[in-house]
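Structure file target19.pdb with PDB, C-alpha atoms:
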```
MODEL        1
ATOM      1  CA  MET A   1      31.808  27.523  32.593
ATOM      2  CA  SER A   2      30.987  30.995  31.227
ATOM      3  CA  THR A   3      27.611  31.641  29.614
ATOM      4  CA  GLU A   4      29.334  32.054  26.218
ATOM      5  CA  GLN A   5      30.968  28.671  26.650
ATOM      6  CA  LEU A   6      27.628  27.104  27.607
ATOM      7  CA  MET A   7      26.040  28.473  24.449
ATOM      8  CA  ILE A   8      28.914  27.210  22.319
ATOM      9  CA  GLN A   9      28.587  23.786  23.959
ATOM     10  CA  SER A  10      24.898  23.727  23.022
ATOM     11  CA  ALA A  11      25.605  24.705  19.439
ATOM     12  CA  LEU A  12      28.398  22.134  19.128
ATOM     13  CA  ALA A  13      26.177  19.422  20.635
ATOM     14  CA  ASN A  14      23.602  20.183  17.939
ATOM     15  CA  TRP A  15      26.231  20.067  15.208
ATOM     16  CA  ARG A  16      27.609  16.736  16.427
ATOM     17  CA  LEU A  17      24.134  15.229  16.750
ATOM     18  CA  THR A  18      23.157  16.294  13.233
ATOM     19  CA  ILE A  19      26.409  14.999  11.725
ATOM     20  CA  ARG A  20      26.131  11.754  13.691
ATOM     21  CA  ARG A  21      22.582  11.159  12.467
ATOM     22  CA  ALA A  22      23.542  11.935   8.862
ATOM     23  CA  THR A  23      26.570   9.638   9.187
ATOM     24  CA  SER A  24      24.295   6.792  10.296
ATOM     25  CA  VAL A  25      22.069   7.242   7.274
ATOM     26  CA  PHE A  26      24.943   7.527   4.780
ATOM     27  CA  PHE A  27      26.619   4.412   6.150
ATOM     28  CA  GLU A  28      23.358   2.424   6.103
ATOM     29  CA  LEU A  29      22.217   3.257   2.572
ATOM     30  CA  THR A  30      22.732   0.588  -0.052
ATOM     31  CA  GLU A  31      24.559   1.390  -3.272
ATOM     32  CA  GLU A  32      21.217   1.311  -5.083
ATOM     33  CA  GLU A  33      19.572   3.687  -2.599
ATOM     34  CA  PHE A  34      22.353   6.244  -3.147
ATOM     35  CA  TYR A  35      21.318   6.620  -6.779
ATOM     36  CA  ARG A  36      17.531   6.671  -6.331
ATOM     37  CA  GLU A  37      15.692  10.024  -6.240
ATOM     38  CA  ILE A  38      14.286  10.726  -2.772
ATOM     39  CA  ALA A  39      11.043  11.997  -4.314
ATOM     40  CA  PRO A  40      10.179  12.218  -8.033
ATOM     41  CA  GLY A  41      12.529  14.679  -9.760
ATOM     42  CA  ARG A  42      14.403  15.457  -6.508
ATOM     43  CA  ASN A  43      18.008  15.011  -5.353
ATOM     44  CA  ARG A  44      19.527  11.577  -4.886
ATOM     45  CA  PRO A  45      21.337  10.745  -1.604
ATOM     46  CA  ILE A  46      24.662  10.638  -3.507
ATOM     47  CA  TYR A  47      24.172  14.306  -4.424
ATOM     48  CA  ILE A  48      23.279  15.304  -0.866
ATOM     49  CA  LEU A  49      26.387  13.479   0.384
ATOM     50  CA  GLY A  50      28.645  15.300  -2.091
ATOM     51  CA  HIS A  51      26.854  18.596  -1.427
ATOM     52  CA  LEU A  52      27.413  18.396   2.331
ATOM     53  CA  VAL A  53      31.034  17.227   1.961
ATOM     54  CA  ALA A  54      31.800  20.167  -0.357
ATOM     55  CA  LEU A  55      30.060  22.708   1.858
ATOM     56  CA  HIS A  56      31.559  21.435   5.099
ATOM     57  CA  ASP A  57      35.009  21.196   3.512
ATOM     58  CA  ALA A  58      34.568  24.873   2.618
ATOM     59  CA  MET A  59      33.857  25.652   6.301
ATOM     60  CA  LEU A  60      37.553  25.082   7.057
ATOM     61  CA  ALA A  61      38.511  28.021   4.847
ATOM     62  CA  LEU A  62      35.431  30.124   5.682
ATOM     63  CA  LEU A  63      36.146  29.832   9.401
ATOM     64  CA  GLY A  64      39.871  30.390   8.886
ATOM     65  CA  LEU A  65      40.673  26.991  10.382
ATOM     66  CA  GLY A  66      42.643  25.356   7.603
ATOM     67  CA  GLU A  67      43.041  24.553   3.933
ATOM     68  CA  ARG A  68      40.261  22.957   1.924
ATOM     69  CA  SER A  69      40.854  19.500   0.433
ATOM     70  CA  HIS A  70      37.985  19.204  -2.044
ATOM     71  CA  THR A  71      37.427  22.405  -4.027
ATOM     72  CA  ASP A  72      36.847  20.180  -7.073
ATOM     73  CA  LEU A  73      33.547  19.025  -5.556
ATOM     74  CA  ASP A  74      32.020  22.536  -5.665
ATOM     75  CA  GLU A  75      31.400  22.414  -9.405
ATOM     76  CA  ILE A  76      29.578  19.074  -9.210
ATOM     77  CA  PHE A  77      27.740  19.375  -5.904
ATOM     78  CA  ILE A  78      27.211  23.094  -5.233
ATOM     79  CA  LYS A  79      27.282  25.008  -8.509
ATOM     80  CA  THR A  80      25.291  22.534 -10.588
ATOM     81  CA  PRO A  81      22.155  20.577  -9.718
ATOM     82  CA  ASP A  82      21.932  16.810  -9.388
ATOM     83  CA  GLN A  83      22.014  14.643 -12.514
ATOM     84  CA  THR A  84      23.681  17.281 -14.704
ATOM     85  CA  VAL A  85      27.314  16.112 -14.358
ATOM     86  CA  ALA A  86      28.004  12.790 -16.047
ATOM     87  CA  SER A  87      30.893  11.553 -13.947
ATOM     88  CA  ILE A  88      30.814  12.031 -10.183
ATOM     89  CA  PRO A  89      32.841  10.479  -7.323
ATOM     90  CA  SER A  90      31.560   7.178  -5.912
ATOM     91  CA  ALA A  91      29.658   6.872  -2.627
ATOM     92  CA  GLU A  92      32.698   5.067  -1.165
ATOM     93  CA  GLU A  93      35.001   7.940  -2.032
ATOM     94  CA  LEU A  94      32.574  10.581  -0.756
ATOM     95  CA  LYS A  95      32.002   8.672   2.496
ATOM     96  CA  LYS A  96      35.772   8.642   3.041
ATOM     97  CA  TYR A  97      35.907  12.422   2.523
ATOM     98  CA  TRP A  98      32.851  12.822   4.799
ATOM     99  CA  THR A  99      34.624  11.066   7.661
ATOM    100  CA  GLU A 100      37.836  13.027   7.132
ATOM    101  CA  VAL A 101      36.286  16.473   6.848
ATOM    102  CA  HIS A 102      34.095  16.080   9.931
ATOM    103  CA  GLY A 103      36.981  14.657  11.934
ATOM    104  CA  GLU A 104      39.097  17.657  11.014
ATOM    105  CA  LEU A 105      36.315  20.157  11.755
ATOM    106  CA  LEU A 106      35.607  18.692  15.196
ATOM    107  CA  GLU A 107      39.312  18.720  16.007
ATOM    108  CA  LYS A 108      39.537  22.404  15.071
ATOM    109  CA  PHE A 109      36.282  23.310  16.832
ATOM    110  CA  LYS A 110      37.592  21.866  20.104
ATOM    111  CA  ASN A 111      40.441  24.350  20.212
ATOM    112  CA  LEU A 112      38.455  27.532  19.565
ATOM    113  CA  THR A 113      37.885  29.874  22.475
ATOM    114  CA  ALA A 114      34.571  31.693  22.989
ATOM    115  CA  GLU A 115      36.249  34.858  21.760
ATOM    116  CA  GLN A 116      37.371  33.120  18.571
ATOM    117  CA  TRP A 117      33.858  31.788  17.917
ATOM    118  CA  LEU A 118      32.600  35.353  17.961
ATOM    119  CA  GLN A 119      35.181  36.618  15.476
ATOM    120  CA  ARG A 120      34.073  37.393  11.946
ATOM    121  CA  HIS A 121      34.321  34.661   9.331
ATOM    122  CA  MET A 122      36.750  34.949   6.421
ATOM    123  CA  ALA A 123      34.277  35.921   3.685
ATOM    124  CA  MET A 124      33.554  39.179   5.553
ATOM    125  CA  SER A 125      35.525  42.406   5.255
ATOM    126  CA  ASP A 126      36.199  44.358   8.444
ATOM    127  CA  GLU A 127      33.808  46.995   7.152
ATOM    128  CA  ASP A 128      30.956  44.542   6.549
ATOM    129  CA  TYR A 129      31.583  42.981   9.912
ATOM    130  CA  SER A 130      31.295  46.322  11.656
ATOM    131  CA  LYS A 131      27.820  46.649  10.094
ATOM    132  CA  ASP A 132      26.642  43.189  11.089
ATOM    133  CA  MET A 133      28.447  41.644  14.016
ATOM    134  CA  THR A 134      26.366  38.480  13.903
ATOM    135  CA  ARG A 135      28.381  37.371  10.849
ATOM    136  CA  ASN A 136      30.824  35.396  12.960
ATOM    137  CA  ARG A 137      32.042  31.797  13.279
ATOM    138  CA  PHE A 138      29.279  30.960  15.723
ATOM    139  CA  THR A 139      26.596  32.048  13.246
ATOM    140  CA  VAL A 140      28.239  29.959  10.524
ATOM    141  CA  LEU A 141      28.104  26.944  12.849
ATOM    142  CA  LEU A 142      24.375  27.468  13.528
ATOM    143  CA  ASN A 143      23.599  28.022   9.840
ATOM    144  CA  ARG A 144      25.517  24.975   8.677
ATOM    145  CA  THR A 145      23.920  22.824  11.375
ATOM    146  CA  ASN A 146      20.472  23.892  10.198
ATOM    147  CA  HIS A 147      21.409  23.342   6.575
ATOM    148  CA  ALA A 148      22.688  19.829   7.334
ATOM    149  CA  GLY A 149      19.523  19.131   9.343
ATOM    150  CA  PHE A 150      17.383  20.285   6.404
ATOM    151  CA  HIS A 151      19.028  17.689   4.160
ATOM    152  CA  LEU A 152      18.973  15.070   6.926
ATOM    153  CA  GLY A 153      15.183  15.383   6.921
ATOM    154  CA  GLN A 154      15.257  14.422   3.245
ATOM    155  CA  LEU A 155      17.856  11.690   3.688
ATOM    156  CA  VAL A 156      15.830   9.741   6.217
ATOM    157  CA  LEU A 157      13.135   9.408   3.555
ATOM    158  CA  ALA A 158      15.619   7.515   1.373
ATOM    159  CA  ARG A 159      16.251   4.888   4.011
ATOM    160  CA  LYS A 160      14.186   1.714   3.971
TER     161      LYS A 160
ATOM    162  CA  MET B   1      25.935  44.373  22.329
ATOM    163  CA  SER B   2      27.390  41.689  24.612
ATOM    164  CA  THR B   3      28.723  38.456  23.155
ATOM    165  CA  GLU B   4      25.821  36.544  24.752
ATOM    166  CA  GLN B   5      23.369  38.894  23.082
ATOM    167  CA  LEU B   6      25.129  38.446  19.737
ATOM    168  CA  MET B   7      24.824  34.686  20.034
ATOM    169  CA  ILE B   8      21.153  34.935  20.949
ATOM    170  CA  GLN B   9      20.583  37.226  17.967
ATOM    171  CA  SER B  10      22.165  34.595  15.699
ATOM    172  CA  ALA B  11      20.040  31.818  17.145
ATOM    173  CA  LEU B  12      16.863  33.907  16.865
ATOM    174  CA  ALA B  13      17.701  34.860  13.276
ATOM    175  CA  ASN B  14      17.948  31.156  12.457
ATOM    176  CA  TRP B  15      14.655  30.416  14.168
ATOM    177  CA  ARG B  16      12.863  33.215  12.326
ATOM    178  CA  LEU B  17      14.353  32.185   8.972
ATOM    179  CA  THR B  18      13.312  28.563   9.447
ATOM    180  CA  ILE B  19       9.777  29.503  10.521
ATOM    181  CA  ARG B  20       9.474  32.011   7.681
ATOM    182  CA  ARG B  21      10.507  29.421   5.111
ATOM    183  CA  ALA B  22       8.128  26.830   6.553
ATOM    184  CA  THR B  23       5.343  29.428   6.591
ATOM    185  CA  SER B  24       5.896  30.092   2.878
ATOM    186  CA  VAL B  25       5.582  26.420   2.061
ATOM    187  CA  PHE B  26       2.497  25.846   4.223
ATOM    188  CA  PHE B  27       0.724  28.854   2.718
ATOM    189  CA  GLU B  28       1.600  27.809  -0.845
ATOM    190  CA  LEU B  29       0.528  24.175  -0.660
ATOM    191  CA  THR B  30      -2.769  23.282  -2.266
ATOM    192  CA  GLU B  31      -5.428  21.425  -0.297
ATOM    193  CA  GLU B  32      -4.599  18.307  -2.306
ATOM    194  CA  GLU B  33      -0.862  18.590  -1.612
ATOM    195  CA  PHE B  34      -1.519  18.732   2.142
ATOM    196  CA  TYR B  35      -2.951  15.220   2.044
ATOM    197  CA  ARG B  36      -0.410  13.588  -0.281
ATOM    198  CA  GLU B  37       2.478  11.564   1.207
ATOM    199  CA  ILE B  38       5.819  13.319   0.649
ATOM    200  CA  ALA B  39       7.445  10.003  -0.252
ATOM    201  CA  PRO B  40       5.788   6.569  -0.359
ATOM    202  CA  GLY B  41       4.595   5.582   3.129
ATOM    203  CA  ARG B  42       5.890   8.824   4.685
ATOM    204  CA  ASN B  43       4.243  11.748   6.483
ATOM    205  CA  ARG B  44       1.851  14.085   4.713
ATOM    206  CA  PRO B  45       2.356  17.882   4.949
ATOM    207  CA  ILE B  46      -0.829  18.143   7.041
ATOM    208  CA  TYR B  47       0.782  15.908   9.670
ATOM    209  CA  ILE B  48       4.027  17.906   9.670
ATOM    210  CA  LEU B  49       2.015  21.115  10.080
ATOM    211  CA  GLY B  50       0.085  19.716  13.062
ATOM    212  CA  HIS B  51       3.272  18.190  14.496
ATOM    213  CA  LEU B  52       5.153  21.504  14.435
ATOM    214  CA  VAL B  53       2.173  23.475  15.782
ATOM    215  CA  ALA B  54       1.807  21.048  18.711
ATOM    216  CA  LEU B  55       5.534  21.015  19.483
ATOM    217  CA  HIS B  56       5.965  24.776  19.198
ATOM    218  CA  ASP B  57       2.821  25.394  21.240
ATOM    219  CA  ALA B  58       4.447  23.210  23.909
ATOM    220  CA  MET B  59       7.536  25.466  23.843
ATOM    221  CA  LEU B  60       5.519  28.159  25.626
ATOM    222  CA  ALA B  61       5.116  25.914  28.668
ATOM    223  CA  LEU B  62       8.545  24.266  28.366
ATOM    224  CA  LEU B  63      10.261  27.645  28.338
ATOM    225  CA  GLY B  64       8.025  28.992  31.093
ATOM    226  CA  LEU B  65       6.701  31.736  28.832
ATOM    227  CA  GLY B  66       2.980  31.133  28.949
ATOM    228  CA  GLU B  67       0.069  28.737  28.786
ATOM    229  CA  ARG B  68      -0.358  26.269  25.965
ATOM    230  CA  SER B  69      -3.412  26.573  23.709
ATOM    231  CA  HIS B  70      -3.402  23.245  21.885
ATOM    232  CA  THR B  71      -2.618  20.309  24.182
ATOM    233  CA  ASP B  72      -5.319  18.376  22.287
ATOM    234  CA  LEU B  73      -3.021  18.246  19.243
ATOM    235  CA  ASP B  74      -0.356  16.184  21.053
ATOM    236  CA  GLU B  75      -2.362  12.966  20.827
ATOM    237  CA  ILE B  76      -2.890  13.319  17.066
ATOM    238  CA  PHE B  77       0.402  14.855  15.946
ATOM    239  CA  ILE B  78       3.056  13.857  18.493
ATOM    240  CA  LYS B  79       1.992  10.657  20.253
ATOM    241  CA  THR B  80       0.610   8.845  17.220
ATOM    242  CA  PRO B  81       1.997   8.573  13.691
ATOM    243  CA  ASP B  82       0.361   9.996  10.585
ATOM    244  CA  GLN B  83      -2.728   8.337   9.147
ATOM    245  CA  THR B  84      -3.697   6.571  12.382
ATOM    246  CA  VAL B  85      -6.238   9.114  13.675
ATOM    247  CA  ALA B  86      -9.421   9.271  11.618
ATOM    248  CA  SER B  87     -10.478  12.851  12.287
ATOM    249  CA  ILE B  88      -7.871  15.603  12.364
ATOM    250  CA  PRO B  89      -8.132  19.418  12.218
ATOM    251  CA  SER B  90      -8.197  20.992   8.747
ATOM    252  CA  ALA B  91      -5.212  22.686   7.105
ATOM    253  CA  GLU B  92      -7.041  26.012   7.467
ATOM    254  CA  GLU B  93      -7.451  25.547  11.204
ATOM    255  CA  LEU B  94      -3.865  24.403  11.692
ATOM    256  CA  LYS B  95      -2.514  27.308   9.634
ATOM    257  CA  LYS B  96      -4.420  29.698  11.895
ATOM    258  CA  TYR B  97      -2.864  28.068  14.987
ATOM    259  CA  TRP B  98       0.552  28.145  13.254
ATOM    260  CA  THR B  99       0.358  31.902  12.788
ATOM    261  CA  GLU B 100      -0.863  32.482  16.338
ATOM    262  CA  VAL B 101       1.662  30.289  18.101
ATOM    263  CA  HIS B 102       4.660  31.699  16.238
ATOM    264  CA  GLY B 103       3.458  35.244  16.772
ATOM    265  CA  GLU B 104       3.181  34.594  20.489
ATOM    266  CA  LEU B 105       6.583  32.885  20.688
ATOM    267  CA  LEU B 106       8.359  35.716  18.886
ATOM    268  CA  GLU B 107       6.693  38.268  21.138
ATOM    269  CA  LYS B 108       7.887  36.390  24.224
ATOM    270  CA  PHE B 109      11.375  35.778  22.809
ATOM    271  CA  LYS B 110      11.880  39.506  22.272
ATOM    272  CA  ASN B 111      11.536  40.231  25.966
ATOM    273  CA  LEU B 112      13.962  37.604  27.280
ATOM    274  CA  THR B 113      17.315  38.795  28.566
ATOM    275  CA  ALA B 114      20.540  36.868  27.915
ATOM    276  CA  GLU B 115      20.441  35.680  31.509
ATOM    277  CA  GLN B 116      16.898  34.345  31.052
ATOM    278  CA  TRP B 117      17.887  32.488  27.889
ATOM    279  CA  LEU B 118      20.512  30.648  29.907
ATOM    280  CA  GLN B 119      18.094  29.596  32.643
ATOM    281  CA  ARG B 120      16.980  25.985  32.797
ATOM    282  CA  HIS B 121      13.795  25.001  30.994
ATOM    283  CA  MET B 122      10.732  23.861  32.891
ATOM    284  CA  ALA B 123      11.020  20.111  32.292
ATOM    285  CA  MET B 124      14.286  20.069  34.292
ATOM    286  CA  SER B 125      14.601  19.743  38.053
ATOM    287  CA  ASP B 126      17.185  21.926  39.790
ATOM    288  CA  GLU B 127      19.190  18.773  40.439
ATOM    289  CA  ASP B 128      19.232  17.671  36.775
ATOM    290  CA  TYR B 129      20.118  21.177  35.741
ATOM    291  CA  SER B 130      23.103  21.252  38.075
ATOM    292  CA  LYS B 131      24.365  18.129  36.262
ATOM    293  CA  ASP B 132      23.877  19.496  32.770
ATOM    294  CA  MET B 133      23.809  23.246  32.510
ATOM    295  CA  THR B 134      23.328  23.182  28.746
ATOM    296  CA  ARG B 135      19.674  22.180  29.324
ATOM    297  CA  ASN B 136      18.502  25.779  29.166
ATOM    298  CA  ARG B 137      16.097  27.907  27.081
ATOM    299  CA  PHE B 138      18.817  28.679  24.550
ATOM    300  CA  THR B 139      19.433  24.975  23.917
ATOM    301  CA  VAL B 140      15.707  24.402  23.469
ATOM    302  CA  LEU B 141      15.654  27.183  20.866
ATOM    303  CA  LEU B 142      18.550  25.609  18.937
ATOM    304  CA  ASN B 143      17.030  22.123  19.136
ATOM    305  CA  ARG B 144      13.597  23.236  18.006
ATOM    306  CA  THR B 145      15.088  25.265  15.152
ATOM    307  CA  ASN B 146      16.959  22.195  13.937
ATOM    308  CA  HIS B 147      13.890  20.026  14.324
ATOM    309  CA  ALA B 148      11.777  22.477  12.312
ATOM    310  CA  GLY B 149      14.538  22.663   9.674
ATOM    311  CA  PHE B 150      14.584  18.859   9.447
ATOM    312  CA  HIS B 151      10.882  18.833   8.575
ATOM    313  CA  LEU B 152      11.260  21.868   6.304
ATOM    314  CA  GLY B 153      13.679  19.797   4.211
ATOM    315  CA  GLN B 154      10.863  17.288   3.744
ATOM    316  CA  LEU B 155       8.180  19.899   3.186
ATOM    317  CA  VAL B 156       9.932  21.515   0.236
ATOM    318  CA  LEU B 157       9.701  18.140  -1.503
ATOM    319  CA  ALA B 158       5.911  18.365  -1.317
ATOM    320  CA  ARG B 159       5.804  21.655  -3.161
ATOM    321  CA  LYS B 160       5.351  21.621  -6.914
TER     322      LYS B 160
ENDMDL
END
```

Let me see whether you can do it: turn the structure in this file into structure tokens.
Amino acid sequence: MSTEQLMIQSALANWRLTIRRATSVFFELTEEEFYREIAPGRNRPIYILGHLVALHDAMLALLGLGERSHTDLDEIFIKTPDQTVASIPSAEELKKYWTEVHGELLEKFKNLTAEQWLQRHMAMSDEDYSKDMTRNRFTVLLNRTNHAGFHLGQLVLARK
Amino acid sequence: MSTEQLMIQSALANWRLTIRRATSVFFELTEEEFYREIAPGRNRPIYILGHLVALHDAMLALLGLGERSHTDLDEIFIKTPDQTVASIPSAEELKKYWTEVHGELLEKFKNLTAEQWLQRHMAMSDEDYSKDMTRNRFTVLLNRTNHAGFHLGQLVLARK
């Protein structure tokens, strides 16, 4: 295995571990726990679930790997804070999307070559990319893993 | 820049960002906030600070980059849970160690070549390493970044 491939394996192992741990928490939380603030005045697990689904769904387009399925979630879970939108999807619905989006991402990740991981992501122009070559798919994977881990740290506090 | 170097740059950027964000929180918290549980029955910021200092201090030895300075913190902040040890170092002391240990790590990181990042870490035998070549310095960096990010997600909840 080439050194690039080894590094990609490490990054993917971290992604899978983080998603697996978050999946465990989301599928263990009770309906009541989903709607209880993690700390006073802070996000509820239902918001973190929707937030991560929306952001990871957007990774498909950002990485040029496929079409998004849930652009409608951006308004509720990315552009506006928790407890400002009256009607939001249920935990059941969001958990279904969660499973689908991560299944699709992992499937697409498996087929990327090292060279493809190092290519620029889709929100970058060629000109911007030439200025900062670290703005590639691999960097997006690391950033999103860290972001998911950040919220996982909060999620575990919601679990009994 | 080689593709390996690009990937290392991405991973280091993530490490620095995570440490910088955690530093901001630790240096903004009031003395009172350091000793208040983040959520009922959960860790206090003082414990997370000591925990990360101890673990990152241990990275020096694990990565074969130098001697540890704070093995005495392991007992209080890694081996035993929060609020079980009566006398622990002050936030001031731990913040001083925090600054020192991350300064030293960054200094050492700067001088590592791509090849050195891919070498096995010190807790691995040659035999184990031959079975799993992803157990290298680079993987440790990714894992520790994610771990720090996990606790950062909790820390921001402690901030007013």

Same-sequence superposition of chain B onto chain A, all C-alpha, as a compact mmCIF listing (two decimals) with C-alpha atoms, in the frame of the given file:
```txt
# COMPACT_ATOMS: atom_id res chain seq x y z
CA MET B 1 31.81 27.55 32.58
CA SER B 2 30.97 31.01 31.22
CA THR B 3 27.61 31.66 29.60
CA GLU B 4 29.32 32.06 26.20
CA GLN B 5 30.96 28.68 26.65
CA LEU B 6 27.62 27.12 27.60
CA MET B 7 26.04 28.48 24.44
CA ILE B 8 28.91 27.21 22.32
CA GLN B 9 28.59 23.79 23.96
CA SER B 10 24.89 23.74 23.02
CA ALA B 11 25.61 24.72 19.43
CA LEU B 12 28.40 22.13 19.13
CA ALA B 13 26.18 19.43 20.63
CA ASN B 14 23.61 20.18 17.93
CA TRP B 15 26.24 20.07 15.21
CA ARG B 16 27.61 16.74 16.42
CA LEU B 17 24.12 15.24 16.75
CA THR B 18 23.16 16.31 13.24
CA ILE B 19 26.40 14.99 11.73
CA ARG B 20 26.12 11.75 13.69
CA ARG B 21 22.58 11.16 12.47
CA ALA B 22 23.55 11.94 8.87
CA THR B 23 26.56 9.64 9.19
CA SER B 24 24.28 6.79 10.30
CA VAL B 25 22.07 7.24 7.28
CA PHE B 26 24.93 7.53 4.78
CA PHE B 27 26.61 4.40 6.15
CA GLU B 28 23.35 2.42 6.10
CA LEU B 29 22.22 3.25 2.58
CA THR B 30 22.72 0.59 -0.05
CA GLU B 31 24.55 1.39 -3.27
CA GLU B 32 21.21 1.31 -5.08
CA GLU B 33 19.57 3.69 -2.60
CA PHE B 34 22.35 6.25 -3.14
CA TYR B 35 21.32 6.63 -6.77
CA ARG B 36 17.54 6.68 -6.33
CA GLU B 37 15.70 10.04 -6.24
CA ILE B 38 14.28 10.73 -2.77
CA ALA B 39 11.05 12.00 -4.31
CA PRO B 40 10.19 12.23 -8.02
CA GLY B 41 12.54 14.69 -9.76
CA ARG B 42 14.41 15.47 -6.52
CA ASN B 43 18.01 15.02 -5.35
CA ARG B 44 19.54 11.60 -4.88
CA PRO B 45 21.35 10.75 -1.60
CA ILE B 46 24.66 10.64 -3.50
CA TYR B 47 24.18 14.30 -4.43
CA ILE B 48 23.29 15.30 -0.86
CA LEU B 49 26.39 13.49 0.39
CA GLY B 50 28.66 15.30 -2.09
CA HIS B 51 26.86 18.60 -1.42
CA LEU B 52 27.42 18.39 2.34
CA VAL B 53 31.04 17.23 1.96
CA ALA B 54 31.81 20.16 -0.36
CA LEU B 55 30.06 22.71 1.86
CA HIS B 56 31.58 21.43 5.10
CA ASP B 57 35.02 21.19 3.51
CA ALA B 58 34.58 24.87 2.62
CA MET B 59 33.87 25.65 6.30
CA LEU B 60 37.56 25.08 7.06
CA ALA B 61 38.52 28.02 4.85
CA LEU B 62 35.45 30.13 5.69
CA LEU B 63 36.16 29.84 9.40
CA GLY B 64 39.88 30.38 8.90
CA LEU B 65 40.69 26.98 10.38
CA GLY B 66 42.66 25.35 7.61
CA GLU B 67 43.04 24.53 3.94
CA ARG B 68 40.28 22.94 1.93
CA SER B 69 40.85 19.48 0.43
CA HIS B 70 38.00 19.20 -2.05
CA THR B 71 37.43 22.41 -4.02
CA ASP B 72 36.86 20.18 -7.08
CA LEU B 73 33.55 19.03 -5.57
CA ASP B 74 32.03 22.54 -5.66
CA GLU B 75 31.41 22.42 -9.41
CA ILE B 76 29.58 19.08 -9.21
CA PHE B 77 27.74 19.38 -5.90
CA ILE B 78 27.22 23.10 -5.22
CA LYS B 79 27.28 25.02 -8.50
CA THR B 80 25.29 22.54 -10.58
CA PRO B 81 22.15 20.59 -9.70
CA ASP B 82 21.94 16.82 -9.39
CA GLN B 83 22.02 14.66 -12.50
CA THR B 84 23.68 17.30 -14.70
CA VAL B 85 27.30 16.12 -14.35
CA ALA B 86 28.00 12.81 -16.05
CA SER B 87 30.89 11.56 -13.94
CA ILE B 88 30.81 12.03 -10.18
CA PRO B 89 32.85 10.48 -7.34
CA SER B 90 31.56 7.19 -5.91
CA ALA B 91 29.65 6.87 -2.64
CA GLU B 92 32.68 5.07 -1.18
CA GLU B 93 34.99 7.94 -2.04
CA LEU B 94 32.57 10.57 -0.76
CA LYS B 95 32.00 8.67 2.49
CA LYS B 96 35.76 8.64 3.04
CA TYR B 97 35.91 12.42 2.52
CA TRP B 98 32.85 12.81 4.80
CA THR B 99 34.62 11.06 7.66
CA GLU B 100 37.84 13.01 7.13
CA VAL B 101 36.30 16.45 6.85
CA HIS B 102 34.10 16.07 9.92
CA GLY B 103 36.97 14.65 11.93
CA GLU B 104 39.10 17.64 11.00
CA LEU B 105 36.32 20.15 11.75
CA LEU B 106 35.62 18.69 15.18
CA GLU B 107 39.32 18.72 16.01
CA LYS B 108 39.55 22.40 15.07
CA PHE B 109 36.29 23.31 16.83
CA LYS B 110 37.58 21.87 20.10
CA ASN B 111 40.45 24.34 20.22
CA LEU B 112 38.46 27.53 19.56
CA THR B 113 37.88 29.87 22.48
CA ALA B 114 34.58 31.69 23.00
CA GLU B 115 36.24 34.86 21.77
CA GLN B 116 37.37 33.12 18.57
CA TRP B 117 33.87 31.79 17.93
CA LEU B 118 32.61 35.36 17.97
CA GLN B 119 35.19 36.61 15.47
CA ARG B 120 34.08 37.39 11.94
CA HIS B 121 34.34 34.66 9.32
CA MET B 122 36.74 34.94 6.42
CA ALA B 123 34.26 35.91 3.69
CA MET B 124 33.54 39.18 5.54
CA SER B 125 35.51 42.40 5.23
CA ASP B 126 36.18 44.36 8.42
CA GLU B 127 33.76 46.99 7.14
CA ASP B 128 30.90 44.51 6.54
CA TYR B 129 31.55 42.96 9.91
CA SER B 130 31.26 46.32 11.65
CA LYS B 131 27.78 46.62 10.10
CA ASP B 132 26.62 43.16 11.10
CA MET B 133 28.44 41.64 14.02
CA THR B 134 26.36 38.46 13.92
CA ARG B 135 28.37 37.36 10.84
CA ASN B 136 30.82 35.40 12.96
CA ARG B 137 32.06 31.79 13.28
CA PHE B 138 29.28 30.96 15.73
CA THR B 139 26.61 32.05 13.24
CA VAL B 140 28.25 29.96 10.53
CA LEU B 141 28.11 26.94 12.85
CA LEU B 142 24.39 27.47 13.52
CA ASN B 143 23.61 28.03 9.84
CA ARG B 144 25.52 24.98 8.67
CA THR B 145 23.92 22.82 11.37
CA ASN B 146 20.48 23.89 10.19
CA HIS B 147 21.41 23.34 6.57
CA ALA B 148 22.69 19.83 7.33
CA GLY B 149 19.52 19.14 9.35
CA PHE B 150 17.39 20.28 6.41
CA HIS B 151 19.03 17.69 4.16
CA LEU B 152 18.97 15.07 6.93
CA GLY B 153 15.17 15.39 6.93
CA GLN B 154 15.26 14.42 3.25
CA LEU B 155 17.85 11.70 3.69
CA VAL B 156 15.83 9.74 6.23
CA LEU B 157 13.14 9.41 3.55
CA ALA B 158 15.62 7.52 1.38
CA ARG B 159 16.25 4.89 4.02
CA LYS B 160 14.18 1.73 3.96
```

- Query: Residues at most 9 Å from A:Arg68, counting all atoms listed in the file, excluding those fewer than 2 positions away in the same chain, as JSON, numbers by chain?
  - Reply: {"A": [57, 58, 59, 60, 61, 66, 70, 71]}

Which neighbours of B:Ile46 fall inside 7 Å, counting all atoms listed in the file, when residues of the same chain fewer than 5 positions from it are skipped, and could you give them as a PyMOL selection string? chain B and resi 34-35+91

I need the chosen residues saved as a compact mmCIF listing (two decimals), in the coordinates of the input, with C-alpha atoms.
```txt
# COMPACT_ATOMS: atom_id res chain seq x y z
CA PHE B 34 -1.52 18.73 2.14
CA TYR B 35 -2.95 15.22 2.04
CA ALA B 91 -5.21 22.69 7.10
```

Handout entry: Answer key for the PyMOL selection byres ((chain B) within 6 of (chain A)), residues as a list in words
Key =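 After applying the PyMOL selection byres ((chain B) within 6 of (chain A)), what remains is Glu4, Leu6, Ser10, Ala39, Thr134, Thr139, Asn146, Gly149, Phe150, His151, Gly153 and Gln154 of chain B.
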